[in-house]
$ cat coords_36.txt   # compact mmCIF, C-alpha atoms and all ligand atoms
# COMPACT_ATOMS: atom_id res chain seq x y z
CA MET A 1 178.87 198.77 123.32
CA GLU A 2 180.99 201.76 124.31
CA SER A 3 184.69 201.61 123.56
CA PRO A 4 186.89 202.35 126.59
CA ASN A 5 189.16 205.37 126.22
CA ASN A 6 192.85 205.19 127.05
CA GLU A 7 192.60 206.57 130.57
CA GLY A 8 191.47 204.05 133.12
CA GLY A 9 188.60 202.06 131.61
CA THR A 10 185.75 204.62 131.63
CA THR A 11 183.71 204.64 128.46
CA VAL A 12 183.43 207.70 126.23
CA LYS A 13 179.73 207.87 127.09
CA GLU A 14 180.44 207.81 130.83
CA GLN A 15 183.04 210.52 130.42
CA ASN A 16 180.58 212.77 128.51
CA VAL A 17 177.89 212.29 131.15
CA GLY A 18 180.45 213.13 133.86
CA GLU A 19 181.48 216.35 132.10
CA ASP A 20 177.85 217.31 131.61
CA ILE A 21 177.13 216.91 135.34
CA LEU A 22 180.19 218.99 136.24
CA ASN A 23 179.18 221.71 133.75
CA GLN A 24 175.69 221.84 135.26
CA LEU A 25 177.23 222.06 138.73
CA VAL A 26 179.51 224.94 137.73
CA THR A 27 176.60 226.88 136.16
CA MET A 28 174.36 226.27 139.18
CA THR A 29 177.12 227.38 141.55
CA ASN A 30 177.88 230.58 139.62
CA ARG A 31 174.17 231.45 139.62
CA LEU A 32 173.71 230.74 143.35
CA GLY A 33 176.77 232.94 143.97
CA ASP A 34 175.37 235.94 142.04
CA PRO A 35 175.80 238.86 144.48
CA ALA A 36 172.48 240.37 143.30
CA LEU A 37 170.65 237.39 144.84
CA ASP A 38 172.36 237.87 148.22
CA TYR A 39 172.67 234.11 148.87
CA ALA A 40 176.46 234.11 149.49
CA ILE A 41 179.43 236.48 149.35
CA LEU A 42 183.20 235.91 149.14
CA GLY A 43 184.03 232.26 149.96
CA GLU A 44 180.64 231.51 151.54
CA GLY A 45 178.63 228.44 150.58
CA ASN A 46 179.40 225.28 148.66
CA THR A 47 177.74 222.91 146.24
CA SER A 48 178.01 219.31 145.07
CA SER A 49 176.63 216.76 142.65
CA ARG A 50 176.69 212.99 142.34
CA ALA A 51 179.22 211.92 139.68
CA ASP A 52 178.43 208.18 139.84
CA ALA A 53 177.43 205.55 142.41
CA GLU A 54 180.77 205.78 144.25
CA THR A 55 181.90 209.39 143.84
CA PHE A 56 180.71 213.02 143.86
CA TRP A 57 181.98 216.48 142.97
CA VAL A 58 182.22 219.02 145.80
CA LYS A 59 183.41 222.63 145.87
CA ALA A 60 186.97 223.11 147.05
CA SER A 61 187.82 225.42 149.96
CA GLY A 62 188.78 228.99 149.17
CA TYR A 63 186.87 229.45 145.90
CA GLU A 64 184.11 232.02 145.34
CA MET A 65 180.86 230.54 144.10
CA ARG A 66 180.18 233.37 141.64
CA THR A 67 183.45 232.99 139.72
CA LEU A 68 184.62 229.41 140.10
CA THR A 69 185.15 227.05 137.17
CA ALA A 70 185.46 223.25 136.94
CA SER A 71 188.89 223.41 138.61
CA GLY A 72 187.15 224.68 141.76
CA PHE A 73 185.63 221.22 142.31
CA VAL A 74 187.19 218.09 143.73
CA ARG A 75 185.94 214.57 143.07
CA VAL A 76 185.78 212.47 146.22
CA ALA A 77 184.68 208.94 147.19
CA PHE A 78 181.46 208.56 149.22
CA ASP A 79 182.75 205.66 151.35
CA LYS A 80 185.96 207.43 152.43
CA VAL A 81 184.12 210.67 153.30
CA LEU A 82 181.33 208.90 155.21
CA ALA A 83 183.86 206.72 157.08
CA LEU A 84 184.93 209.89 158.92
CA LEU A 85 181.58 209.79 160.77
CA ASN A 86 182.59 206.51 162.42
CA ARG A 87 185.80 207.89 163.89
CA VAL A 88 185.58 209.26 167.43
CA ASN A 89 186.86 212.71 168.46
CA LEU A 90 188.57 213.57 165.18
CA SER A 91 190.76 216.65 165.43
CA ASP A 92 190.48 219.43 162.80
CA LYS A 93 193.79 218.19 161.35
CA GLU A 94 192.61 214.58 161.15
CA THR A 95 189.35 215.68 159.47
CA LYS A 96 191.31 217.64 156.89
CA GLU A 97 193.63 214.69 156.25
CA GLY A 98 190.66 212.31 155.99
CA LEU A 99 188.96 214.54 153.40
CA SER A 100 192.19 214.85 151.46
CA ALA A 101 192.56 211.05 151.40
CA ALA A 102 189.04 210.79 149.92
CA LYS A 103 190.10 212.59 146.70
CA VAL A 104 189.74 210.35 143.64
CA ASP A 105 192.85 211.97 142.16
CA PRO A 106 195.39 212.54 144.97
CA GLY A 107 197.41 214.73 142.59
CA VAL A 108 194.73 217.46 142.58
CA SER A 109 195.88 220.27 144.86
CA ALA A 110 192.40 221.73 145.59
CA HIS A 111 191.08 220.71 149.00
CA PRO A 112 187.48 219.53 149.67
CA SER A 113 185.38 221.90 151.81
CA VAL A 114 184.99 221.01 155.52
CA GLU A 115 181.26 220.68 154.73
CA THR A 116 181.97 217.78 152.33
CA ILE A 117 180.63 215.23 154.84
CA LEU A 118 177.26 217.03 154.87
CA HIS A 119 177.18 216.87 151.07
CA ALA A 120 177.90 213.11 151.14
CA LEU A 121 174.97 212.55 153.50
CA CYS A 122 172.58 214.61 151.37
CA LEU A 123 173.68 213.07 148.04
CA GLY A 124 173.26 209.62 149.60
CA LEU A 125 169.49 210.15 149.92
CA GLU A 126 166.98 208.78 147.40
CA GLY A 127 166.45 211.13 144.43
CA VAL A 128 169.13 213.66 145.43
CA ASN A 129 171.70 214.43 142.70
CA PHE A 130 172.59 218.09 143.35
CA VAL A 131 173.06 220.01 146.62
CA GLY A 132 173.39 223.76 147.15
CA HIS A 133 174.50 225.23 150.49
CA THR A 134 174.28 229.02 150.85
CA HIS A 135 174.02 231.68 153.56
CA PRO A 136 171.19 233.94 152.25
CA THR A 137 170.79 237.11 154.33
CA ALA A 138 166.97 236.78 154.48
CA VAL A 139 167.21 233.14 155.67
CA ASN A 140 169.96 233.87 158.18
CA ALA A 141 168.01 236.83 159.61
CA LEU A 142 165.75 234.04 160.94
CA THR A 143 168.25 231.22 161.61
CA CYS A 144 170.21 233.76 163.70
CA SER A 145 167.12 234.98 165.58
CA VAL A 146 165.53 233.83 168.85
CA ALA A 147 162.47 232.93 166.70
CA PHE A 148 164.37 230.27 164.66
CA GLU A 149 162.29 227.22 165.61
CA ILE A 150 158.90 228.90 165.93
CA ALA A 151 159.34 230.90 162.70
CA PHE A 152 159.88 227.74 160.65
CA SER A 153 157.36 225.57 162.57
CA GLY A 154 154.53 226.13 160.03
CA ARG A 155 153.91 226.68 156.32
CA LEU A 156 152.76 230.03 154.96
CA PHE A 157 151.59 229.67 151.35
CA PRO A 158 150.93 226.92 148.75
CA ASP A 159 153.94 227.61 146.50
CA GLU A 160 156.24 227.24 149.50
CA ILE A 161 154.90 223.69 149.99
CA VAL A 162 155.02 222.85 146.26
CA LEU A 163 158.69 223.86 145.99
CA CYS A 164 160.12 223.38 149.50
CA GLY A 165 158.16 220.29 150.62
CA PRO A 166 156.02 219.62 153.70
CA ALA A 167 158.60 220.94 156.20
CA PRO A 168 162.26 221.94 156.44
CA LEU A 169 164.68 219.98 158.61
CA LEU A 170 165.79 222.27 161.45
CA VAL A 171 169.29 221.74 162.89
CA PRO A 172 170.38 223.38 166.19
CA TYR A 173 173.76 225.13 166.04
CA THR A 174 176.56 222.53 165.99
CA ASP A 175 180.32 222.84 165.47
CA PRO A 176 181.07 222.54 161.69
CA GLY A 177 182.75 219.38 160.38
CA VAL A 178 182.18 215.93 161.83
CA PRO A 179 180.01 217.05 164.82
CA LEU A 180 177.59 218.94 162.52
CA ALA A 181 177.46 216.08 160.00
CA SER A 182 176.75 213.56 162.81
CA LYS A 183 173.92 215.75 164.09
CA VAL A 184 172.41 216.14 160.59
CA LYS A 185 172.67 212.37 160.00
CA GLN A 186 170.71 211.67 163.18
CA LEU A 187 168.05 214.30 162.38
CA LEU A 188 167.70 213.09 158.76
CA THR A 189 166.78 209.63 160.04
CA GLY A 190 164.01 211.15 162.17
CA TYR A 191 162.77 213.23 159.22
CA LEU A 192 162.62 210.20 156.89
CA ASP A 193 160.68 208.24 159.54
CA ARG A 194 158.18 211.06 159.94
CA TYR A 195 157.65 212.22 156.35
CA GLY A 196 158.67 209.17 154.30
CA GLU A 197 160.76 211.33 151.94
CA PRO A 198 163.99 213.33 152.25
CA PRO A 199 163.73 217.05 153.13
CA ARG A 200 164.25 219.50 150.27
CA VAL A 201 165.43 222.16 152.71
CA VAL A 202 167.75 221.92 155.73
CA LEU A 203 168.02 225.03 157.92
CA MET A 204 171.03 225.23 160.22
CA GLN A 205 170.79 227.56 163.21
CA ASN A 206 173.24 230.50 163.09
CA HIS A 207 174.61 229.13 159.81
CA GLY A 208 172.47 228.81 156.68
CA LEU A 209 170.54 226.79 154.18
CA ILE A 210 171.05 223.47 152.37
CA VAL A 211 168.83 222.58 149.40
CA LEU A 212 168.63 219.01 148.09
CA GLY A 213 167.54 218.50 144.49
CA ARG A 214 167.04 215.93 141.80
CA SER A 215 168.44 218.48 139.30
CA ALA A 216 170.50 221.67 139.33
CA ALA A 217 167.36 223.62 138.33
CA GLN A 218 165.50 222.24 141.31
CA VAL A 219 168.23 223.39 143.70
CA GLU A 220 168.07 226.92 142.22
CA ASN A 221 164.24 227.02 142.28
CA VAL A 222 163.91 225.73 145.84
CA THR A 223 166.64 228.11 147.08
CA ALA A 224 164.78 231.06 145.48
CA MET A 225 161.46 229.99 147.02
CA MET A 226 163.04 229.43 150.45
CA VAL A 227 164.54 232.93 150.35
CA LYS A 228 161.13 234.32 149.40
CA THR A 229 159.56 232.35 152.28
CA ALA A 230 162.09 233.90 154.68
CA ARG A 231 161.23 237.39 153.40
CA VAL A 232 157.49 236.71 153.82
CA LEU A 233 158.15 235.43 157.34
CA LEU A 234 160.13 238.55 158.24
CA GLY A 235 157.20 240.66 157.00
CA ALA A 236 154.65 238.52 158.86
CA LEU A 237 156.69 238.72 162.09
CA SER A 238 156.61 242.51 161.84
CA ALA A 239 152.85 242.50 161.18
CA GLY A 240 151.69 240.73 164.33
CA GLY A 241 153.12 237.24 163.61
CA PRO A 242 152.74 234.54 160.93
CA HIS A 243 149.36 232.93 160.23
CA PHE A 244 150.36 229.34 159.51
CA MET A 245 148.27 227.04 157.31
CA SER A 246 146.63 224.09 159.10
CA GLN A 247 148.24 220.63 158.81
CA GLU A 248 145.19 219.52 156.80
CA GLN A 249 145.70 222.38 154.31
CA VAL A 250 149.42 221.60 154.04
CA ASP A 251 148.77 217.88 153.45
CA ARG A 252 146.16 218.73 150.80
CA ILE A 253 148.58 220.93 148.81
CA HIS A 254 151.41 218.42 149.21
CA THR A 255 149.37 215.57 147.76
CA ARG A 256 146.80 217.08 145.32
CA PRO A 257 147.20 215.91 141.69
CA ASP A 258 147.33 219.39 140.07
CA GLU A 259 150.14 220.41 142.43
CA LEU A 260 152.01 217.19 141.65
CA TYR A 261 151.68 218.07 137.95
CA ARG A 262 152.94 221.59 138.64
CA ARG A 263 155.91 220.13 140.50
CA GLN A 264 156.74 217.96 137.48
CA GLN A 265 156.54 221.03 135.23
CA LEU A 266 158.91 222.88 137.56
CA GLY A 267 161.29 219.93 137.62
CA VAL A 268 160.85 219.46 141.37
CA ALA A 269 158.92 216.18 141.42
ZN ZN B 301 178.19 227.07 155.48

$ encode --input "coords_36.txt" --output "structure tokens" --more "lines below"
Ligand SMILES: [Zn+2]
Amino acid sequence: MESPNNEGGTTVKEQNVGEDILNQLVTMTNRLGDPALDYAILGEGNTSSRADAETFWVKASGYEMRTLTASGFVRVAFDKVLALLNRVNLSDKETKEGLSAAKVDPGVSAHPSVETILHALCLGLEGVNFVGHTHPTAVNALTCSVAFEIAFSGRLFPDEIVLCGPAPLLVPYTDPGVPLASKVKQLLTGYLDRYGEPPRVVLMQNHGLIVLGRSAAQVENVTAMMVKTARVLLGALSAGGPHFMSQEQVDRIHTRPDELYRRQQLGVA
């Protein structure tokens, strides 16, 4: 049996696990924010990870992904964040106040990102423990183009399917905050009905990319593969248009045993 420490009943073991998750989140965030990768600059992007069944860590507003440390994250309660989705016509001020009230420690001055509600939705899905949201130039060249939907309507190569799943979830441009989170919630339900598993990649029109992962490594790997996919697409669009794989070929790669094994080796199964 673990002996409770002096601060609020958590066991030493629980505290160590919590610190480990936060350390992994900080490392993942710094890596995703590396300017050489061109995923995010300045204050762009945000990340999160599940801390326990009731709470999660999310990046605070105003921090740069490449340099932030543990103090750049705020721990918030799932139920208080998700309750904002049930309130009608929330103003920007009310949203900010609602997110502030969701902080586990009200004394922390850092403020949760406006995209915190999106993170709560993603972390609430089966098998999702880490989330990385970035604005990669290669991906946004397509999410900001007139070809957004058609460009991402098919799969291009087997490793894209192994890492990024059978299809991304595409989200039409929506005002950030509660309206965007409500839209994503509705589309996630449709995706789960159709594919029977959560998406690994969400692409938001005129905005960017969200990657959902079981581990921090999975979020980094899937982000890298999605950026490569976007670069391949840009090349294919300039060479007469993409040649998409057939649905039968996609289904075969998504379900064949050797690819499932490869996914496990890559930490994405
Ligand atoms: Zn964003």

$ closest_atom_pairs --input "coords_36.txt" --of "chain A" --to "ligand ZN 301 (chain B)" --cutoff "10 Å" --atoms "all atoms listed in the file" --output "tab-separated table"
residue	atom	partner	partner_atom	distance
A:Ala40	CA	B:ZN301	ZN	9.4
A:Gly43	CA	B:ZN301	ZN	9.6
A:Glu44	CA	B:ZN301	ZN	6.4
A:Gly45	CA	B:ZN301	ZN	5.1
A:Asn46	CA	B:ZN301	ZN	7.2
A:Ser113	CA	B:ZN301	ZN	9.6
A:Val114	CA	B:ZN301	ZN	9.1
A:Glu115	CA	B:ZN301	ZN	7.1
A:His133	CA	B:ZN301	ZN	6.5
A:Thr134	CA	B:ZN301	ZN	6.4
A:His135	CA	B:ZN301	ZN	6.5
A:Pro176	CA	B:ZN301	ZN	8.2
A:Met204	CA	B:ZN301	ZN	8.8
A:Asn206	CA	B:ZN301	ZN	9.7
A:His207	CA	B:ZN301	ZN	6.0
A:Gly208	CA	B:ZN301	ZN	6.1
A:Leu209	CA	B:ZN301	ZN	7.8
A:Ile210	CA	B:ZN301	ZN	8.6

$ residues_around --input "coords_36.txt" --residues "Gly98 in chain A" --least-positions-apart "3" --cutoff "8 Å" --atoms "only C-alpha atoms" --output "list in words"
Lys80, Val81, Leu84, Glu94, Thr95, Ala101 and Ala102 of chain A

$ closest_atom_pairs --input "coords_36.txt" --of "range 128-172 of chain A" --to "range 24-37 of chain A" --cutoff "12 Å" --atoms "all atoms listed in the file" --output "Markdown table"
| residue | atom | partner | partner_atom | distance |
| --- | --- | --- | --- | --- |
| A:Asn129 | CA | A:Leu25 | CA | 10.2 |
| A:Phe130 | CA | A:Leu25 | CA | 7.7 |
| A:Val131 | CA | A:Leu25 | CA | 9.2 |
| A:Gly132 | CA | A:Thr29 | CA | 7.6 |
| A:His133 | CA | A:Leu32 | CA | 9.1 |
| A:Thr134 | CA | A:Leu32 | CA | 7.7 |
| A:His135 | CA | A:Gly33 | CA | 10.1 |
| A:Pro136 | CA | A:Leu37 | CA | 8.2 |
| A:Thr137 | CA | A:Leu37 | CA | 9.5 |
| A:Ala138 | CA | A:Leu37 | CA | 10.3 |

$ atom_distance --input "coords_36.txt" --atom1 "CA of Tyr63 in chain A" --atom2 "CA of His119 in chain A"
16.7 Å

$ closest_residue --input "coords_36.txt" --among "A:Gly190, A:Gly177, A:Gly240, A:Pro112" --to "Lys59 in chain A" --atoms "all atoms listed in the file"
A:Pro112

$ residues_near_point --input "coords_36.txt" --point "(186.0, 213.3, 147.2)" --cutoff "6 Å" --atoms "all atoms listed in the file" --output "JSON, numbers by chain"
{"A": [75, 76, 77, 102, 103, 104]}

$ write_last_selection --input "coords_36.txt" --atoms "C-alpha atoms" --output "mmCIF file, keeping the file's coordinate frame"
data_model
loop_
_atom_site.group_PDB
_atom_site.id
_atom_site.type_symbol
_atom_site.label_atom_id
_atom_site.label_comp_id
_atom_site.auth_asym_id
_atom_site.auth_seq_id
_atom_site.Cartn_x
_atom_site.Cartn_y
_atom_site.Cartn_z
ATOM 1 C CA ARG A 75 185.940 214.570 143.070
ATOM 2 C CA VAL A 76 185.780 212.470 146.220
ATOM 3 C CA ALA A 77 184.680 208.940 147.190
ATOM 4 C CA ALA A 102 189.040 210.790 149.920
ATOM 5 C CA LYS A 103 190.100 212.590 146.700
ATOM 6 C CA VAL A 104 189.740 210.350 143.640
#

$ atom_distance --input "coords_36.txt" --atom1 "CA of Asp193 in chain A" --atom2 "CA of Pro168 in chain A"
14.1 Å

$ closest_residue --input "coords_36.txt" --among "A:Thr47, A:Ser182, A:Thr255, A:Ser246" --to "Arg87 in chain A" --atoms "all atoms listed in the file"
A:Ser182

$ atom_distance --input "coords_36.txt" --atom1 "CA of Pro179 in chain A" --atom2 "CA of Cys164 in chain A"
25.9 Å

$ residues_around --input "coords_36.txt" --residues "Asp159 in chain A" --least-positions-apart "4" --cutoff "9 Å" --atoms "all atoms listed in the file" --output "list in words"
Leu163, Cys164, Met225 and Ile253 of chain A

$ closest_residue --input "coords_36.txt" --among "A:Trp57, A:Phe152, A:Phe73, A:Phe78" --to "Met226 in chain A" --atoms "only C-alpha atoms"
A:Phe152

$ residues_around --input "coords_36.txt" --residues "Leu121 in chain A" --least-positions-apart "3" --cutoff "8 Å" --atoms "only C-alpha atoms" --output "VMD selection string"
chain A and resid 82 117 to 118 124 to 125 181 185
